[in-house]
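Quick notes on the structure that follows.
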Amino acid sequence: MREGNLEAPTRHPLDWKNPEFYDEGAAFKEMERVFDICHGCRRCVSLCQSFPTLFDLVDATDDGEVHGVKKEAYWKVVDQCYLCDLCYLTKCPYTPPHPWNLDFPHLMLRAKAIKHKKGEVSAGEKFLASTDVHGSFAGIPIVVQAVNAINKTKTARKLMDRALGVHPDAWMPELATSRFRWSAQKSSAQVVTQGERTPGKVAIFSTCYVNYNEPGIGHDLLKVLSHNDIPYVIVDKESCCGMPKLELGDLDAVAQHKAANMPVLARYAREGYAILSAVPSCTLMFKQELPLMFPDCADTQAVKAAMFDPFEYLMARYKDGLLKTDFKSALGKVSYHIPCHGRVQNIGRKTEEMFKLIGQTVEVKLNTVERCSGHAGTYGVKTAYHANAMKIGKPVFKAMAKDEPDVISSDCALAGHHIAQGMQQAGLPPKALQHPLSLMRQAYGLK
């Protein structure tokens, strides 16, 4: 057991502007040090494919030690990491303040950044990470229907496989016929009580996914806020949060998105708004990754302090005595999945708490599953990794089918669809898929 084992992990800022950050030799040296510790521990073997890949490489050497692994093989470990952060925040006993100072995800991010700087990231991967680009077709009449129809054909999926590296069987989101930001209704509420834990007004960061793909999630959030007389605004303008680019190692693109978003969001933060994002990865980006990349930026730190997961905000509102509990409609049996980027926000199980609160008034039989679904951003749709993603998710698919739920749900819509696909492929009974915000809206009896 390590010294200071009961201390919370301390995340150090990402030193990405230091020229040595992109020194491949220095990075390999640090990877060898960290991999040697991981090989001796093996506590994270069940989290993702990075660790089994590493341990297989070590076990195949003559003496079973890390120094026998060729440095070029390290990239196999790097490519399997999708920056879920679970190893750092839930498993590793050697994170700071331990003197061994392990931060496996940020070491993998450093390696991905080096790979990107070397020009070794494919055009297909770059396109998949450009959510603002392929989302730009959303809401355009005829074009949306055409794109969605074409993307379902076997011919198009084969072309996407060859050109973009998208697996023909992987679930892909459709484009919305109307963007959330175009169709969101303005708040009619004027004044609401400020809570001890919660600002009394909300600014909505739409996210690319809600804006371009599933605007219904955003509309359900607005209905829940309106029902609780919480005034809201949709932020004046927004760019992608930058998480897809971060996962690719394109830190310069992350900085560009940050430069577009922060002045806007910081104004809301300083005006006393809670900023809500309905996609856990986007929320985490503003709560953790950008503050670690820009520790000296006052705007970034102000947004970090104001950023909330929706259910984090709503449960804090309840604890302030300001949330309505006039639930009217039973939800039945709900299998709920906690996504990785929700778990690592260190906020507790807020969505689960809300389901249990609803269950005090109407029927909710809850089955909570806390394990990686395997989707992991673009990882699960890529041809090279789709089979691994389905393998990682297999225990989740089975756990979500427990007691034959009426509906399955996840705070991460992408994970939810991945789980639904995995359950279907495993021969488990297909279930309705609803976002937790949609279920809360239904429990209130709102249309």
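Naming works like this for the structure tokens: A, B, ... for the chains as they're shown, residue 1 at the start of each chain, ligands 1 onward in shown order.
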
Taking 3 positions as the minimum chain separation for residues in the same chain, which residues sit within 12 Å of range 153-160 of chain A when counting only C-alpha atoms? Answer as an mmCIF file with C-alpha atoms, in the first residue's frame.
data_model
loop_
_atom_site.group_PDB
_atom_site.id
_atom_site.type_symbol
_atom_site.label_atom_id
_atom_site.label_comp_id
_atom_site.auth_asym_id
_atom_site.auth_seq_id
_atom_site.Cartn_x
_atom_site.Cartn_y
_atom_site.Cartn_z
ATOM 1 C CA GLY A 124 -10.104 9.915 -41.955
ATOM 2 C CA GLU A 125 -9.345 10.187 -38.251
ATOM 3 C CA PHE A 127 -12.454 14.139 -40.292
ATOM 4 C CA LEU A 128 -14.149 11.974 -37.661
ATOM 5 C CA ALA A 146 -30.297 12.360 -48.333
ATOM 6 C CA VAL A 147 -27.192 12.079 -46.137
ATOM 7 C CA ASN A 148 -28.992 9.956 -43.534
ATOM 8 C CA ALA A 149 -30.414 7.636 -46.199
ATOM 9 C CA ILE A 150 -27.097 7.233 -48.013
ATOM 10 C CA ALA A 163 -11.945 6.246 -46.787
ATOM 11 C CA LEU A 164 -12.511 6.984 -43.103
ATOM 12 C CA GLY A 165 -11.795 3.715 -41.337
ATOM 13 C CA VAL A 166 -15.375 3.477 -40.026
ATOM 14 C CA HIS A 167 -16.483 -0.092 -39.392
ATOM 15 C CA PRO A 168 -19.444 -1.095 -41.604
ATOM 16 C CA ASP A 169 -21.368 -2.476 -38.613
ATOM 17 C CA ALA A 170 -20.691 0.343 -36.149
ATOM 18 C CA TRP A 171 -23.629 2.490 -35.069
ATOM 19 C CA MET A 172 -23.460 6.008 -36.517
ATOM 20 C CA VAL A 381 -16.724 3.197 -34.642
ATOM 21 C CA LYS A 382 -13.225 2.739 -36.091
ATOM 22 C CA THR A 383 -12.625 -0.408 -38.095
#

Please run DSSP on the backbone and report, as a list in words, all residues within range 349-386 of chain A that come out as helix (DSSP H, G or I).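 Matching residues, listed in order: Lys350, Thr351, Glu352, Glu353, Met354, Phe355, Lys356, Leu357, Ile358, Tyr379, Gly380, Val381 and His386 of chain A.
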
May I ask which of the residues A:Ala8, A:Met285, A:Ala420, A:Ile392 is the closest one to Pro52 in chain A, counting only C-alpha atoms?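 The closest residue to Pro52 in chain A is A:Ile392.
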
From the options A:Pro173, A:Pro97, A:Pro199, A:Gly216, which residue's atoms come nearest to Ser438 in chain A, counting only C-alpha atoms? A:Gly216

Selection: 10 Å around range 182-185 of chain A, only C-alpha atoms, excl. self and same-chain fewer than 3 positions, as a PyMOL selection string: chain A and resi 139+178-179+188+206+211+215-216+218-219+222-223+232-234

For Ala413 in chain A, which residue out of A:His386, A:Glu214, A:Ala443, A:His341 is the nearest one, using only C-alpha atoms?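 Result for the nearest residue to Ala413 in chain A: A:Glu214.
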
Please identify every residue of range 25-80 of chain A that has at least one atom no farther than 12 Å from an atom of range 354-374 of chain A, counting only C-alpha atoms, and for each give the shortest atom pair and the distance in Å to one decimal, arranged by chain then increasing number, as a Markdown table.
| residue | atom | partner | partner_atom | distance |
| --- | --- | --- | --- | --- |
| A:Ser46 | CA | A:Cys372 | CA | 10.0 |
| A:Leu47 | CA | A:Cys372 | CA | 7.5 |
| A:Cys48 | CA | A:Gly374 | CA | 7.9 |
| A:Gln49 | CA | A:Gly374 | CA | 9.8 |
| A:Gln80 | CA | A:Gly374 | CA | 11.2 |
